[in-house]
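J.: One structure is given below, represented as structure tokens, and several questions about it will come after.
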Amino acid sequence: MRSACLSLLLVTACCALPFRQSGFLDFMMEDEAGSGLTDVITDFSVRTMPEGPKCPFRCQCHLRVIQCSDLGLKAVPEDIPDDTSLLDLQNNKITEIKENDFKNLKGLHALILVNNKITVIHAKAFSPLAKLQRLYLSKNMLKDMPANMPKSLQELRIHENAIAKIKKSTFQGMSHVIVMELGSNPLKSAGIEAGAFSDLKRVSYIRIADTNITEIPKGLPTSLSELHLDGNKITKVTADSLKGLKNLAKLGLSYNEISSVENGTLANVPHLRELHLDNNALTSVPAGLPDHKYIQVVYLHVNKIAAVGTEDFCPPGFNTKKAMYSGISLFSNPVPYWEVQPITFRCVFDRSAIQLGNYRKK
């Protein structure tokens with residue numbers, strides 16, 4: 001009898017449907033049609049569904065970085081999240097920056113507008129950006145420097161535009177700027193007003209290359225450690241032009257029309273380590289190199305230097321506290337390199353650091 005009952009139970013279990021766990025919502029959904037409970041649950045779910053983060057159409061948004069580059073945009077998008085930290089709008093077709101384009105972006109740290117077609121920036125467009133540190137406006141069609149740039153800026157890159165003037169008020173109050181790129185603009189020396197750089201108390205890097213300036217700008221900040229003035233139309237370097245630049249470590253003056261460097265010029269930049277004067281019209285090695293304590297790299301190739309003396313680079317004797325040269329280039333000059341005395345380079349770290357002749361070994 002007991003075995004018969006057990007067999008009956010096993011048969012019943014085998015024929016039963018699989019067990020399915022039912023939760024609270026399952027019971028609710030199984031309610032009779034028309035009772036209204038299903039509608040209530042559906043309505044509750046819709047009303048409590050959290051909204052996703054706002055992101056401009058076709059842009060990519062991650063955390064507080066909004067990337068809207070390469071989209072063919074003709075204007076700044078309107079629905080940029082208020083907490084955006086970096087806004088990338090490069091490689092579009094934006095022609096104008098309007099007053100309210102960035103009105104709610106009070107926490108913006110970096111704004112990239114490179115390679116657009118911007119001709120106009122409203123005078124109040126940057127006013128809300130009190131925390132902006134990096135502003136990239138290169139490769140546009142600006143004819144004037146933007147007005148009222150944020151005082152918080154640390155880096156400004158505005159090369160490859162159509163800017164011809166830098167007014168004294170342009171950088172007023174911008175004491176936090178560290179890096180400034182102004183190259184490839186139709187700037188002339190007369191277009192840079194006296195005192196234009198006077199408020200840049202912390203700037204360490206300035207590049208004004210490939211312009212039409214004919215002299216080193218006056219009143220450069222004493223905080224400068226790198227100055228790049230390559231590809232201009234500078235004809236000479238005077239001692240006064242570098243006066244006060246005691247922190248300057250690298251000076252780029254390649255591809256100019258420089259025929260002379262005034263005596264005493266290098267004494268005004270006592271911490272200079274690199275001097276680039278290649279591709280100019282120099283007829284002699286600049287004076288003052290033997291007495292300079294820290295200079296280590298001197299580029300003088302592609303000039304018109306016809307002679308090199310034994311004391312053009314190194315001080316007399318071998319016992320000196322002068323830093324050893326790690327690079328001297330003199331190739332592509334009319335100097336007969338076989339006549340240059342080996343003792344000329346007695347303060348060079350290694351013979352391989354010297355480049356003579358009409359070609360450079362690869």
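In the structure tokens, chains take letters A, B, ... by order of appearance, with residues numbered from 1 within each chain and ligands from 1 in the order shown.
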Got a sec: who's within 10 Å of A:Ala147, counting only C-alpha atoms, leaving out chain neighbours fewer than 6 positions off, as a PyMOL selection string?
T.: chain A and resi 121-127+169-171
J.: Looking only at strand (DSSP E) from DSSP on the backbone, list the matching residues of stretch 79-189 of chain A as an mmCIF file with N, CA, C and O atoms, in the first residue's frame.
T.:
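out_11.cif, written as the output of this step:
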data_model
loop_
_atom_site.group_PDB
_atom_site.id
_atom_site.type_symbol
_atom_site.label_atom_id
_atom_site.label_comp_id
_atom_site.auth_asym_id
_atom_site.auth_seq_id
_atom_site.Cartn_x
_atom_site.Cartn_y
_atom_site.Cartn_z
ATOM 1 N N LEU A 86 34.515 70.508 -20.047
ATOM 2 C CA LEU A 86 35.241 70.677 -21.314
ATOM 3 C C LEU A 86 34.259 70.627 -22.467
ATOM 4 O O LEU A 86 33.468 69.688 -22.568
ATOM 5 N N LEU A 87 34.309 71.623 -23.342
ATOM 6 C CA LEU A 87 33.423 71.692 -24.502
ATOM 7 C C LEU A 87 34.270 71.739 -25.764
ATOM 8 O O LEU A 87 35.035 72.677 -25.984
ATOM 9 N N ASP A 88 34.129 70.708 -26.588
ATOM 10 C CA ASP A 88 34.920 70.583 -27.813
ATOM 11 C C ASP A 88 34.031 70.839 -29.030
ATOM 12 O O ASP A 88 33.149 70.052 -29.347
ATOM 13 N N GLU A 96 29.947 82.590 -35.820
ATOM 14 C CA GLU A 96 29.758 83.658 -34.841
ATOM 15 C C GLU A 96 29.562 83.079 -33.449
ATOM 16 O O GLU A 96 28.918 82.040 -33.275
ATOM 17 N N ILE A 97 30.120 83.739 -32.462
ATOM 18 C CA ILE A 97 29.884 83.388 -31.061
ATOM 19 C C ILE A 97 28.993 84.482 -30.479
ATOM 20 O O ILE A 97 29.398 85.639 -30.391
ATOM 21 N N ALA A 110 37.638 74.288 -20.085
ATOM 22 C CA ALA A 110 38.328 74.285 -21.376
ATOM 23 C C ALA A 110 37.310 74.442 -22.501
ATOM 24 O O ALA A 110 36.285 73.761 -22.520
ATOM 25 N N LEU A 111 37.619 75.333 -23.440
ATOM 26 C CA LEU A 111 36.740 75.600 -24.578
ATOM 27 C C LEU A 111 37.571 75.506 -25.853
ATOM 28 O O LEU A 111 38.526 76.260 -26.049
ATOM 29 N N ILE A 112 37.195 74.561 -26.723
ATOM 30 C CA ILE A 112 37.951 74.314 -27.958
ATOM 31 C C ILE A 112 37.095 74.720 -29.158
ATOM 32 O O ILE A 112 36.068 74.107 -29.439
ATOM 33 N N VAL A 120 33.291 86.754 -35.689
ATOM 34 C CA VAL A 120 32.796 87.677 -34.665
ATOM 35 C C VAL A 120 32.594 86.944 -33.344
ATOM 36 O O VAL A 120 32.030 85.841 -33.319
ATOM 37 N N ILE A 121 33.054 87.554 -32.265
ATOM 38 C CA ILE A 121 32.794 87.061 -30.910
ATOM 39 C C ILE A 121 32.181 88.211 -30.127
ATOM 40 O O ILE A 121 32.801 89.276 -29.990
ATOM 41 N N ARG A 134 41.471 77.238 -20.265
ATOM 42 C CA ARG A 134 42.057 77.016 -21.583
ATOM 43 C C ARG A 134 41.086 77.442 -22.678
ATOM 44 O O ARG A 134 39.959 76.964 -22.710
ATOM 45 N N LEU A 135 41.565 78.320 -23.548
ATOM 46 C CA LEU A 135 40.750 78.827 -24.649
ATOM 47 C C LEU A 135 41.527 78.645 -25.945
ATOM 48 O O LEU A 135 42.588 79.236 -26.139
ATOM 49 N N TYR A 136 40.982 77.801 -26.831
ATOM 50 C CA TYR A 136 41.636 77.500 -28.106
ATOM 51 C C TYR A 136 40.779 78.053 -29.249
ATOM 52 O O TYR A 136 39.680 77.562 -29.513
ATOM 53 N N GLU A 155 45.850 79.412 -20.429
ATOM 54 C CA GLU A 155 46.385 79.072 -21.748
ATOM 55 C C GLU A 155 45.497 79.666 -22.837
ATOM 56 O O GLU A 155 44.296 79.423 -22.861
ATOM 57 N N LEU A 156 46.098 80.441 -23.734
ATOM 58 C CA LEU A 156 45.379 81.054 -24.846
ATOM 59 C C LEU A 156 46.115 80.736 -26.137
ATOM 60 O O LEU A 156 47.280 81.089 -26.312
ATOM 61 N N ARG A 157 45.418 80.067 -27.038
ATOM 62 C CA ARG A 157 45.980 79.758 -28.361
ATOM 63 C C ARG A 157 45.040 80.339 -29.418
ATOM 64 O O ARG A 157 43.893 79.915 -29.553
ATOM 65 N N VAL A 179 50.668 80.136 -20.863
ATOM 66 C CA VAL A 179 51.019 79.827 -22.258
ATOM 67 C C VAL A 179 50.211 80.705 -23.196
ATOM 68 O O VAL A 179 48.984 80.825 -23.051
ATOM 69 N N MET A 180 50.903 81.318 -24.177
ATOM 70 C CA MET A 180 50.219 82.164 -25.151
ATOM 71 C C MET A 180 50.779 81.898 -26.544
ATOM 72 O O MET A 180 51.989 81.973 -26.767
ATOM 73 N N GLU A 181 49.890 81.574 -27.468
ATOM 74 C CA GLU A 181 50.244 81.278 -28.854
ATOM 75 C C GLU A 181 49.541 82.278 -29.765
ATOM 76 O O GLU A 181 48.308 82.286 -29.864
#
J.: Which distance in Å separates atom CA of A:Glu257 and atom CA of A:Leu356, to one decimal?
T.: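 We find that atom CA of A:Glu257 and atom CA of A:Leu356 lie 21.7 Å from each other.
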J.: Among stretch 189-294 of chain A, which residues does DSSP mark as helix (DSSP H, G or I) when it is run on the backbone? Keep the chain and numbering as in the structure and answer as a VMD selection string.
T.: chain A and resid 189 to 191 240 to 242 266 to 268
J.: Taking C-alpha atoms for each residue, export the selection above as a PDB file, in the first residue's frame.
T.:
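Saved result, selection-v2.pdb, follows:
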ATOM      1  CA  SER A 189      55.513  95.566 -35.004  1.00  0.00           C
ATOM      2  CA  ALA A 190      53.514  98.793 -35.154  1.00  0.00           C
ATOM      3  CA  GLY A 191      50.364  96.806 -34.423  1.00  0.00           C
ATOM      4  CA  ASP A 240      67.629  96.435 -25.084  1.00  0.00           C
ATOM      5  CA  SER A 241      65.193  94.064 -26.794  1.00  0.00           C
ATOM      6  CA  LEU A 242      66.016  91.297 -24.297  1.00  0.00           C
ATOM      7  CA  LEU A 266      73.451  87.628 -24.301  1.00  0.00           C
ATOM      8  CA  ALA A 267      74.435  89.188 -20.980  1.00  0.00           C
ATOM      9  CA  ASN A 268      70.805  90.270 -20.557  1.00  0.00           C
TER      10      ASN A 268
END
J.: Could you check which of A:Asp350, A:Asp291, A:Asp278, A:Glu99 is closest to A:Ser326, using only C-alpha atoms?
T.: A:Asp350
J.: List the neighbours of A:Leu251 out to 9 Å using only C-alpha atoms; skip same-chain residues closer than 5 positions along the sequence, and give me the result as a list of chain:residue names.
T.: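 With the cut-off at 9 Å, the set is A:Ser225, A:Glu226, A:Leu227, A:His228, A:Leu229, A:Leu272, A:Arg273, A:Glu274, A:Leu275, A:His276, A:Leu277.
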